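Colleague: Provided herewith is a single structure, encoded as structure tokens, for subsequent inquiry.
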Amino acid sequence: DTALGIAAELGHAEIVLALLGKGADVNAEIRAPKGTTTLMAAAMKGFATIVHALLEKGANVNAKDADGATALIGAAFQGDITIVRALLDRGADVNARKNDGVTALRVAAWKGHTAVVETLLGKGADIDARDNFSYFYHSGATPLIAAAMDGHADTVRTLLARGADVTVKMKAGQTALMFAAERGDATIVQALLDKGADVNSARYDGKTVLTLAASRGLTAVVEALLAKGADLQGKFG
């Protein structure tokens, strides 16, 4: 760890400014072998004043740690719109990916940070970028699937309004509609159906959206699916 990195991570802005004024290496790694930079640490902790100071001194806005994460991905995860905008204004790659394929938009959608999602989309974020987690069942999610998975209705609506693909399937066959149906989230289910989500999609084990909802006793969701023509024949249990 460096003095600059420690001060930045703990939010000591005056010390950071003093160290920068004395020529501290703005791009030194704060934590090896992880590869975390001072800018990443400050962005992840939400210290906007420190982030601005580091950027003014030429911090590498697109540096990646050992996991492939950037300062922008960290700020998007935290939902800090001020820092997200500052990084983008300094040329942060809006579509940078971690080693597992996760982007800033993907993490913002998963956390339900709608304002960040809107900002990233406005800067050209790939709305249908898919992750590539090593575990089969968890791989292939888009920002829309991630938002539906955790029940973030406002984020789902924002992504749908911007043209997110409702038909994408994860590697195991799950769709945004499946996750919303399993959660019993009738609002998101209806929003996805209204945009053309496949009411009869099935995952790798043959279970359909309808059987998943029925197995959980989710009457409102089942009725919405039936109203859209869900096939009564589907694997159950």
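FYI, nothing fancy with the structure tokens labels: chains A, B, ... in order, residues from 1 per chain, ligands from 1 as they appear.
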Which residues come within 7 Å of A:Lys98, counting only C-alpha atoms, excluding same-chain residues fewer than 3 positions away, as JSON, numbers by chain?
Modeller: {"A": [67, 68, 69, 101, 102, 103]}
Colleague: Can I get the selected residues back with all heavy atoms, as a PDB file, in the first residue's frame?
Modeller:
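Output saved as selection-v9.pdb:
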ATOM      1  N   ASP A  67      -9.109  -8.706 -11.728  1.00  0.00           N
ATOM      2  CA  ASP A  67     -10.405  -9.258 -12.131  1.00  0.00           C
ATOM      3  C   ASP A  67     -10.950  -8.580 -13.384  1.00  0.00           C
ATOM      4  O   ASP A  67     -12.029  -8.934 -13.861  1.00  0.00           O
ATOM      5  CB  ASP A  67     -11.424  -9.121 -11.000  1.00  0.00           C
ATOM      6  CG  ASP A  67     -11.057  -9.941  -9.781  1.00  0.00           C
ATOM      7  OD1 ASP A  67     -10.540 -11.058  -9.957  1.00  0.00           O
ATOM      8  OD2 ASP A  67     -11.287  -9.453  -8.653  1.00  0.00           O
ATOM      9  N   GLY A  68     -10.225  -7.583 -13.872  1.00  0.00           N
ATOM     10  CA  GLY A  68     -10.684  -6.853 -15.044  1.00  0.00           C
ATOM     11  C   GLY A  68     -11.588  -5.682 -14.727  1.00  0.00           C
ATOM     12  O   GLY A  68     -12.099  -5.018 -15.631  1.00  0.00           O
ATOM     13  N   ALA A  69     -11.782  -5.401 -13.441  1.00  0.00           N
ATOM     14  CA  ALA A  69     -12.667  -4.310 -13.043  1.00  0.00           C
ATOM     15  C   ALA A  69     -11.996  -2.963 -13.257  1.00  0.00           C
ATOM     16  O   ALA A  69     -10.775  -2.825 -13.122  1.00  0.00           O
ATOM     17  CB  ALA A  69     -13.070  -4.454 -11.586  1.00  0.00           C
ATOM     18  N   GLY A 101     -16.978 -10.976 -17.986  1.00  0.00           N
ATOM     19  CA  GLY A 101     -17.872 -10.365 -18.965  1.00  0.00           C
ATOM     20  C   GLY A 101     -18.781  -9.284 -18.426  1.00  0.00           C
ATOM     21  O   GLY A 101     -19.530  -8.665 -19.184  1.00  0.00           O
ATOM     22  N   VAL A 102     -18.734  -9.042 -17.138  1.00  0.00           N
ATOM     23  CA  VAL A 102     -19.621  -8.045 -16.526  1.00  0.00           C
ATOM     24  C   VAL A 102     -19.182  -6.635 -16.912  1.00  0.00           C
ATOM     25  O   VAL A 102     -17.994  -6.309 -16.886  1.00  0.00           O
ATOM     26  CB  VAL A 102     -19.620  -8.205 -14.995  1.00  0.00           C
ATOM     27  CG1 VAL A 102     -20.251  -6.992 -14.319  1.00  0.00           C
ATOM     28  CG2 VAL A 102     -20.377  -9.465 -14.603  1.00  0.00           C
ATOM     29  N   THR A 103     -20.169  -5.809 -17.258  1.00  0.00           N
ATOM     30  CA  THR A 103     -19.926  -4.412 -17.611  1.00  0.00           C
ATOM     31  C   THR A 103     -20.496  -3.494 -16.531  1.00  0.00           C
ATOM     32  O   THR A 103     -21.217  -3.935 -15.635  1.00  0.00           O
ATOM     33  CB  THR A 103     -20.602  -4.061 -18.939  1.00  0.00           C
ATOM     34  OG1 THR A 103     -22.038  -4.201 -18.778  1.00  0.00           O
ATOM     35  CG2 THR A 103     -20.132  -4.956 -20.073  1.00  0.00           C
TER      36      THR A 103
END
Colleague: What's the 8 Å shell around A:Thr175, counting only C-alpha atoms, without same-chain residues fewer than 4 positions away, as a list in words?
Modeller: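 These residues fall inside the cut-off: Ile145, Val166, Thr167, Val168, Lys169, Met170, Phe179 and Ser201 of chain A.
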Colleague: Keeping only C-alpha atoms, write those residues as a short mmCIF file (atom, residue, chain, number, x, y, z; two decimals), in the first residue's frame.
Modeller:
data_model
loop_
_atom_site.label_atom_id
_atom_site.label_comp_id
_atom_site.auth_asym_id
_atom_site.auth_seq_id
_atom_site.Cartn_x
_atom_site.Cartn_y
_atom_site.Cartn_z
CA ILE A 145 -32.07 -10.21 -17.05
CA VAL A 166 -36.55 -9.54 -24.12
CA THR A 167 -35.86 -12.82 -25.93
CA VAL A 168 -32.28 -13.39 -24.75
CA LYS A 169 -31.68 -16.68 -22.96
CA MET A 170 -28.90 -17.44 -20.53
CA PHE A 179 -36.84 -14.75 -13.20
CA SER A 201 -39.80 -20.31 -23.25
#
Colleague: As a compact mmCIF listing (two decimals) with N, CA and C atoms, in the first residue's frame, please: the residues near A:Glu9 (cut-off 9 Å, only C-alpha atoms, same-chain neighbours under 3 positions excluded).
Modeller:
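Listed below is the output, around_9.txt:
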# COMPACT_ATOMS: atom_id res chain seq x y z
N LEU A 4 -0.63 7.48 -0.51
CA LEU A 4 -1.71 8.05 -1.31
C LEU A 4 -2.89 7.10 -1.37
N GLY A 5 -2.63 5.84 -1.60
CA GLY A 5 -3.70 4.86 -1.71
C GLY A 5 -4.48 4.72 -0.42
N ILE A 6 -3.77 4.67 0.69
CA ILE A 6 -4.43 4.54 1.99
C ILE A 6 -5.29 5.76 2.28
N HIS A 12 -9.51 10.67 3.07
CA HIS A 12 -8.79 11.83 3.60
C HIS A 12 -8.36 12.74 2.45
N ILE A 30 -2.61 0.29 -5.26
CA ILE A 30 -2.82 0.39 -3.82
C ILE A 30 -2.72 -0.98 -3.17
N THR A 38 -5.44 3.61 -6.96
CA THR A 38 -6.00 4.60 -6.04
C THR A 38 -7.33 5.12 -6.56
N LEU A 39 -7.43 5.32 -7.87
CA LEU A 39 -8.68 5.80 -8.46
C LEU A 39 -9.79 4.79 -8.27
N MET A 40 -9.52 3.52 -8.47
CA MET A 40 -10.53 2.49 -8.26
C MET A 40 -11.04 2.50 -6.82
N ALA A 41 -10.11 2.59 -5.89
CA ALA A 41 -10.49 2.56 -4.47
C ALA A 41 -11.36 3.75 -4.11
N ALA A 42 -10.99 4.93 -4.57
CA ALA A 42 -11.77 6.13 -4.27
C ALA A 42 -13.14 6.08 -4.93
N ALA A 43 -13.20 5.58 -6.16
CA ALA A 43 -14.47 5.48 -6.87
C ALA A 43 -15.40 4.50 -6.18
N MET A 44 -14.86 3.37 -5.77
CA MET A 44 -15.66 2.34 -5.11
C MET A 44 -16.21 2.83 -3.78
N LYS A 45 -15.44 3.69 -3.10
CA LYS A 45 -15.87 4.20 -1.78
C LYS A 45 -16.75 5.44 -1.89
N PHE A 47 -15.80 8.59 -2.91
CA PHE A 47 -15.14 9.84 -2.53
C PHE A 47 -14.93 10.71 -3.78
Colleague: I want to know what sits within 10 Å of A:Leu55, based on only C-alpha atoms, with residues of the same chain fewer than 5 positions away left out; could you give that as an NGL selection string?
Modeller: :A and (26 or 39 or 50 or 60-61 or 86-87 or 90)
Colleague: Can I get the selected residues back with C-alpha atoms, as an mmCIF file, in the first residue's frame?
Modeller:
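Result written to result_35.cif:
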data_model
loop_
_atom_site.group_PDB
_atom_site.id
_atom_site.type_symbol
_atom_site.label_atom_id
_atom_site.label_comp_id
_atom_site.auth_asym_id
_atom_site.auth_seq_id
_atom_site.Cartn_x
_atom_site.Cartn_y
_atom_site.Cartn_z
ATOM 1 C CA VAL A 26 -1.260 8.801 -9.121
ATOM 2 C CA LEU A 39 -8.680 5.801 -8.464
ATOM 3 C CA ILE A 50 -10.664 12.533 -4.331
ATOM 4 C CA ASN A 60 -5.542 6.201 -15.744
ATOM 5 C CA VAL A 61 -9.310 6.114 -15.983
ATOM 6 C CA ALA A 86 -16.868 12.268 -13.864
ATOM 7 C CA LEU A 87 -15.215 9.086 -15.107
ATOM 8 C CA ARG A 90 -12.630 11.731 -18.666
#
Colleague: Quick one: distance from atom CA of A:Ala213 to atom CA of A:Gly173 in Å, one decimal?
Modeller: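 Distance between the two atoms: 16.0 Å.
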Colleague: Taking into account only C-alpha atoms, which residue in the set A:Asp80, A:Glu223, A:Asp25, A:Asp128 is nearest to A:Lys57?
Modeller: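 Using only C-alpha atoms, A:Lys57 sits closest to A:Asp25.
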Colleague: Which is closer to A:Arg85 than all the others in A:Gly112, A:Gly23, A:Gly196, A:Gly122, using only C-alpha atoms?
Modeller: A:Gly122
Colleague: Which residues come within 10 Å of A:Val94, counting only C-alpha atoms, excluding same-chain residues fewer than 4 positions away, as a ChimeraX atom specification?
Modeller: /A:62,70,72-73,84,87-88,103-105,119-126
Colleague: Name all residues at most 8 Å from stretch 135-141 of chain A (count only C-alpha atoms; drop same-chain ones fewer than 3 positions away) and give them as a list in words.
Modeller: Arg130, Asp131, Asn132, Leu144, Ile145, Ala146, Lys169, Met170, Lys171 and Ala172 of chain A
Colleague: Give me, as a ChimeraX atom specification, the residues of stretch 45-141 of chain A that a backbone DSSP run labels helix (DSSP H, G or I).
Modeller: /A:45,48-56,71-78,81-89,104-111,114-122,136-138
Colleague: Just the number, please: distance in Å from atom CA of A:Thr2 to atom CA of A:Lys34, one decimal.
Modeller: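 Atom-to-atom, atom CA of A:Thr2 and atom CA of A:Lys34 are spaced 14.1 Å apart.
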